[in-house]
Amino acid sequence: MFSHLSHFSPNYNHAGNPPTTASNTPPHTPPGDALTGSSFQSTAGPTAPTSTTAPGPPAKKKPPKKPPKKAPSTPPKPKQPSDWHLCKLQVPEGSKRTKTTYKLHLRTLWELMTQYSIPPQVTDADKAPFMRRFTSEEQVRQTITSSLDDHSTLINDCTQQVTAFRASLLETNIIISGNMQRIQTEAMLLMFRMVAILGLPRWALDVLSADPDSMYNLLHEYIAYVTFKQAAVAHGYAHMGINLEFVEKFGLMRKFYRSFVFSYMHKTTKSEVKSPRSMLKAKQMTPIWKRHAELAKGQLEVLMAQGFKPQIIALAQENEAHSDDELTADGPVYYIKNKEGRLQKNNLMTIRERADCHAADGQYHVALPLEQFCMSWAECVKWKNLSDAEFMERYGKNVLEEYILPTEEELKQMEEWEARYGYEDNEICTY
């Protein structure tokens, strides 16, 4: 264990043997003289030789104790977008309007006029000057506060910027842009002037970095908070019904800010970067889903009132079983989408997927007859009260003939492969 250490004792020679004790052996010299090569002679004249006794081997030195090992320190995990999210229970009672107004303020700084608009991307070159300029959050805060005081009457190109932004708001007809139009012009000038005073070409924090405490992002956060507070005190958001008591609480406003920016906007921006126009597509799907839901609710009430069987009610409860309308690029034209489980889709399924679509008794069942038997109420009355066996005999078999069902040989072969290699059950579906 300690073979790499060199132990040297003056009472042993280099061969590791004790010194000889013969009378003609010179007396033992101190280690210091032996190391320097000098010899020690007494000035009192010759003296009688004295006998010396060889000392025993030196006591073994105990190896130094090793310091206790420190437990390896694991760096804290970076926060995820979901960590910044505020749930409803974390929003103080009465502060919802203030929270909503702050989000409007941030969208205005960003110049994001619609719900599906995303922030501009930020490069390292954009951030570098500000990362060198600021070294602490306190320095950022003091710089923004003093800039607001020193340039309160500054007139610059921000007037033209605000005028152009207000004109663009008139081109959209949604709630967000409508609320932006009601912000006082003086409040908008305050916001954009502060951005220009600090040397930013526009308010554009690095939302994809997920690092709110970088100097660059802190600069944007304080610009947002200080200008929002100034605008709120000057009644720039009086039409929104905000509570100034909540605006004064910086800790709460920081939670609102980071929940919106580094949770919601981070996710939407990341989604848009990965799949362009995904936000717009999602917005277009919203009214479609609402129409499905409204139609489902009305049809469900009728079917239940008329005493239809549970399998029919189960179909009607699914939003996707209704309407199937999709907007096209040519305007309000609708077409039927193919969905999983429909005839065209079912025949493209694997044998395993088709085998999963049966009831607990191992038989294939259908809930509805062919289309021609559903075109009028008189036709529906003929089959809606039949037993399952009667329905399948008179109507169901005709429906199953249009499907490519697994054969006995295919099922047997499939079971053989699954017994050999294993299979994880899929969700059972019924029609």
# chains A, B, ... in the order shown; residues from 1 in each chain; ligands from 1
$ residues_around --residues "segment 299-305 of chain A" --least-positions-apart "2" --cutoff "12 Å" --atoms "only C-alpha atoms" --output "ChimeraX atom specification"
/A:292-297,307-319,321-323,377,380-381,384
$ select_by_dssp --residues "segment 54-277 of chain A" --states "helix (DSSP H, G or I)" --output "VMD selection string"
chain A and resid 81 to 84 88 to 90 96 to 110 124 to 133 137 to 150 158 to 169 175 to 181 185 to 197 207 to 209 215 to 233 238 to 240 244 to 247 250 to 274
$ write_last_selection --atoms "C-alpha atoms" --output "short mmCIF file (atom, residue, chain, number, x, y, z; two decimals), in the first residue's frame"
data_model
loop_
_atom_site.label_atom_id
_atom_site.label_comp_id
_atom_site.auth_asym_id
_atom_site.auth_seq_id
_atom_site.Cartn_x
_atom_site.Cartn_y
_atom_site.Cartn_z
CA PRO A 81 -40.92 24.32 -18.37
CA SER A 82 -43.50 22.54 -16.23
CA ASP A 83 -41.65 23.69 -13.08
CA TRP A 84 -42.46 27.31 -13.89
CA LYS A 88 -55.01 27.71 -10.46
CA LEU A 89 -54.54 27.07 -6.75
CA GLN A 90 -51.24 29.01 -6.82
CA LYS A 96 -56.54 36.78 -12.25
CA ARG A 97 -57.20 40.07 -14.07
CA THR A 98 -53.77 41.35 -13.08
CA LYS A 99 -52.18 38.14 -14.34
CA THR A 100 -54.07 38.36 -17.64
CA THR A 101 -53.12 42.02 -18.07
CA TYR A 102 -49.45 41.27 -17.44
CA LYS A 103 -49.55 38.65 -20.20
CA LEU A 104 -51.09 41.26 -22.50
CA HIS A 105 -48.27 43.64 -21.56
CA LEU A 106 -45.67 41.01 -22.44
CA ARG A 107 -47.32 40.24 -25.78
CA THR A 108 -47.31 43.97 -26.54
CA LEU A 109 -43.60 44.24 -25.78
CA TRP A 110 -43.05 41.22 -28.03
CA ASP A 124 -25.63 34.34 -29.04
CA ALA A 125 -24.50 37.49 -30.82
CA ASP A 126 -27.69 39.22 -29.64
CA LYS A 127 -27.02 38.29 -26.03
CA ALA A 128 -23.25 38.79 -25.85
CA PRO A 129 -23.11 42.61 -25.27
CA PHE A 130 -25.57 42.43 -22.40
CA MET A 131 -23.92 39.40 -20.81
CA ARG A 132 -20.70 41.43 -20.66
CA ARG A 133 -22.42 44.62 -19.54
CA GLU A 137 -29.43 41.13 -10.97
CA GLU A 138 -29.10 44.19 -8.72
CA GLN A 139 -27.07 45.98 -11.39
CA VAL A 140 -29.78 45.23 -13.94
CA ARG A 141 -32.51 46.57 -11.64
CA GLN A 142 -30.63 49.79 -10.82
CA THR A 143 -29.78 50.42 -14.47
CA ILE A 144 -33.39 50.13 -15.57
CA THR A 145 -34.68 52.30 -12.70
CA SER A 146 -32.15 55.09 -13.37
CA SER A 147 -32.77 54.91 -17.12
CA LEU A 148 -36.47 55.43 -16.52
CA ASP A 149 -35.77 58.52 -14.42
CA ASP A 150 -33.12 60.04 -16.71
CA CYS A 158 -40.32 54.97 -30.76
CA THR A 159 -43.18 57.27 -31.68
CA GLN A 160 -43.04 55.99 -35.25
CA GLN A 161 -42.73 52.39 -33.98
CA VAL A 162 -45.84 52.72 -31.79
CA THR A 163 -47.81 54.33 -34.65
CA ALA A 164 -46.93 51.47 -37.01
CA PHE A 165 -47.76 48.87 -34.36
CA ARG A 166 -51.16 50.43 -33.68
CA ALA A 167 -51.93 50.43 -37.38
CA SER A 168 -51.13 46.73 -37.66
CA LEU A 169 -53.50 45.99 -34.77
CA ILE A 175 -59.50 39.60 -28.44
CA ILE A 176 -55.74 40.01 -27.92
CA SER A 177 -55.27 42.73 -30.55
CA GLY A 178 -58.52 44.38 -29.43
CA ASN A 179 -57.22 44.72 -25.87
CA MET A 180 -53.91 46.04 -27.18
CA GLN A 181 -55.72 48.80 -29.07
CA THR A 185 -50.44 55.51 -26.41
CA GLU A 186 -48.35 57.03 -23.60
CA ALA A 187 -48.04 53.62 -21.97
CA MET A 188 -46.89 52.02 -25.23
CA LEU A 189 -44.33 54.79 -25.74
CA LEU A 190 -42.98 54.16 -22.25
CA MET A 191 -42.55 50.45 -23.02
CA PHE A 192 -40.77 50.81 -26.36
CA ARG A 193 -38.61 53.74 -25.25
CA MET A 194 -37.27 51.72 -22.34
CA VAL A 195 -36.25 48.95 -24.73
CA ALA A 196 -34.48 51.43 -27.02
CA ILE A 197 -32.75 53.28 -24.16
CA VAL A 207 -37.34 32.00 -24.29
CA LEU A 208 -35.89 28.70 -25.56
CA SER A 209 -32.91 28.82 -23.21
CA MET A 215 -28.25 38.55 -17.39
CA TYR A 216 -29.85 38.89 -20.82
CA ASN A 217 -33.16 37.40 -19.68
CA LEU A 218 -33.13 39.26 -16.37
CA LEU A 219 -32.78 42.51 -18.31
CA HIS A 220 -35.96 41.70 -20.23
CA GLU A 221 -37.82 40.66 -17.09
CA TYR A 222 -37.07 43.94 -15.31
CA ILE A 223 -37.96 45.97 -18.39
CA ALA A 224 -41.31 44.19 -18.46
CA TYR A 225 -42.02 44.62 -14.75
CA VAL A 226 -40.91 48.25 -14.42
CA THR A 227 -42.82 49.40 -17.50
CA PHE A 228 -45.90 47.40 -16.48
CA LYS A 229 -45.86 48.93 -13.02
CA GLN A 230 -45.44 52.45 -14.42
CA ALA A 231 -48.24 51.95 -16.94
CA ALA A 232 -50.55 50.47 -14.31
CA VAL A 233 -49.96 53.35 -11.88
CA ALA A 238 -57.68 50.80 -16.28
CA HIS A 239 -59.91 49.08 -18.84
CA MET A 240 -58.59 45.69 -17.69
CA LEU A 244 -52.44 47.69 -8.08
CA GLU A 245 -51.91 45.90 -4.78
CA PHE A 246 -50.85 42.77 -6.68
CA VAL A 247 -48.72 44.78 -9.13
CA PHE A 250 -42.62 41.75 -7.22
CA GLY A 251 -42.39 38.12 -6.07
CA LEU A 252 -45.92 37.36 -7.29
CA MET A 253 -45.41 39.20 -10.57
CA ARG A 254 -42.20 37.25 -11.14
CA LYS A 255 -44.18 34.01 -10.79
CA PHE A 256 -46.76 35.27 -13.31
CA TYR A 257 -43.99 36.32 -15.68
CA ARG A 258 -41.98 33.11 -15.58
CA SER A 259 -45.05 30.90 -15.74
CA PHE A 260 -46.18 32.59 -18.94
CA VAL A 261 -42.76 33.05 -20.57
CA PHE A 262 -40.80 29.96 -19.58
CA SER A 263 -43.67 27.49 -19.44
CA TYR A 264 -46.40 28.44 -21.92
CA MET A 265 -44.40 30.46 -24.45
CA HIS A 266 -41.44 28.09 -24.22
CA LYS A 267 -43.63 25.13 -25.16
CA THR A 268 -45.45 26.90 -27.98
CA THR A 269 -42.25 28.33 -29.45
CA LYS A 270 -40.50 24.96 -29.28
CA SER A 271 -43.48 23.32 -30.97
CA GLU A 272 -43.49 25.94 -33.73
CA VAL A 273 -39.75 25.58 -34.35
CA LYS A 274 -40.15 21.82 -34.62
#
$ residues_around --residues "Lys382 of chain A" --least-positions-apart "3" --cutoff "12 Å" --atoms "only C-alpha atoms" --output "ChimeraX atom specification"
/A:308,369,373-374,376-379,385-387,390-391,394-395
$ write_last_selection --atoms "N, CA and C atoms" --output "compact mmCIF listing (two decimals), in the first residue's frame"
# COMPACT_ATOMS: atom_id res chain seq x y z
N PHE A 308 -82.17 4.44 -27.19
CA PHE A 308 -81.23 3.63 -27.96
C PHE A 308 -80.32 2.83 -27.03
N PRO A 369 -76.11 -0.46 -38.48
CA PRO A 369 -76.27 -1.18 -39.74
C PRO A 369 -75.65 -0.39 -40.89
N PHE A 373 -79.82 2.01 -43.98
CA PHE A 373 -80.80 1.73 -42.93
C PHE A 373 -80.78 2.80 -41.83
N CYS A 374 -80.04 3.89 -42.06
CA CYS A 374 -79.95 4.96 -41.05
C CYS A 374 -80.37 6.31 -41.64
N SER A 376 -83.41 7.50 -42.35
CA SER A 376 -84.68 8.08 -41.87
C SER A 376 -85.01 7.50 -40.51
N TRP A 377 -85.87 8.22 -39.80
CA TRP A 377 -86.28 7.75 -38.47
C TRP A 377 -87.05 6.45 -38.58
N ALA A 378 -87.86 6.29 -39.61
CA ALA A 378 -88.65 5.06 -39.79
C ALA A 378 -87.73 3.85 -39.95
N GLU A 379 -86.60 4.02 -40.65
CA GLU A 379 -85.67 2.91 -40.81
C GLU A 379 -84.97 2.58 -39.50
N ASN A 385 -84.44 -1.59 -31.51
CA ASN A 385 -84.87 -2.37 -30.35
C ASN A 385 -84.61 -3.87 -30.48
N LEU A 386 -83.89 -4.29 -31.51
CA LEU A 386 -83.59 -5.72 -31.69
C LEU A 386 -82.55 -6.16 -30.67
N SER A 387 -82.61 -7.44 -30.31
CA SER A 387 -81.56 -7.99 -29.45
C SER A 387 -80.25 -8.03 -30.23
N GLU A 390 -80.28 -10.86 -32.84
CA GLU A 390 -81.14 -10.56 -33.98
C GLU A 390 -80.54 -9.47 -34.87
N PHE A 391 -79.96 -8.47 -34.22
CA PHE A 391 -79.36 -7.37 -34.99
C PHE A 391 -78.21 -7.89 -35.85
N ARG A 394 -79.61 -9.99 -38.84
CA ARG A 394 -80.34 -9.29 -39.89
C ARG A 394 -79.55 -8.13 -40.51
N TYR A 395 -78.67 -7.51 -39.71
CA TYR A 395 -77.97 -6.31 -40.21
C TYR A 395 -76.44 -6.41 -40.07
$ closest_residue --among "A:Pro78, A:Ser95, A:Gly241, A:Leu370" --to "Ala210 of chain A" --atoms "only C-alpha atoms"
A:Pro78
$ atom_distance --atom1 "atom CA of Gln372 of chain A" --atom2 "atom CA of Ile404 of chain A"
20.9 Å
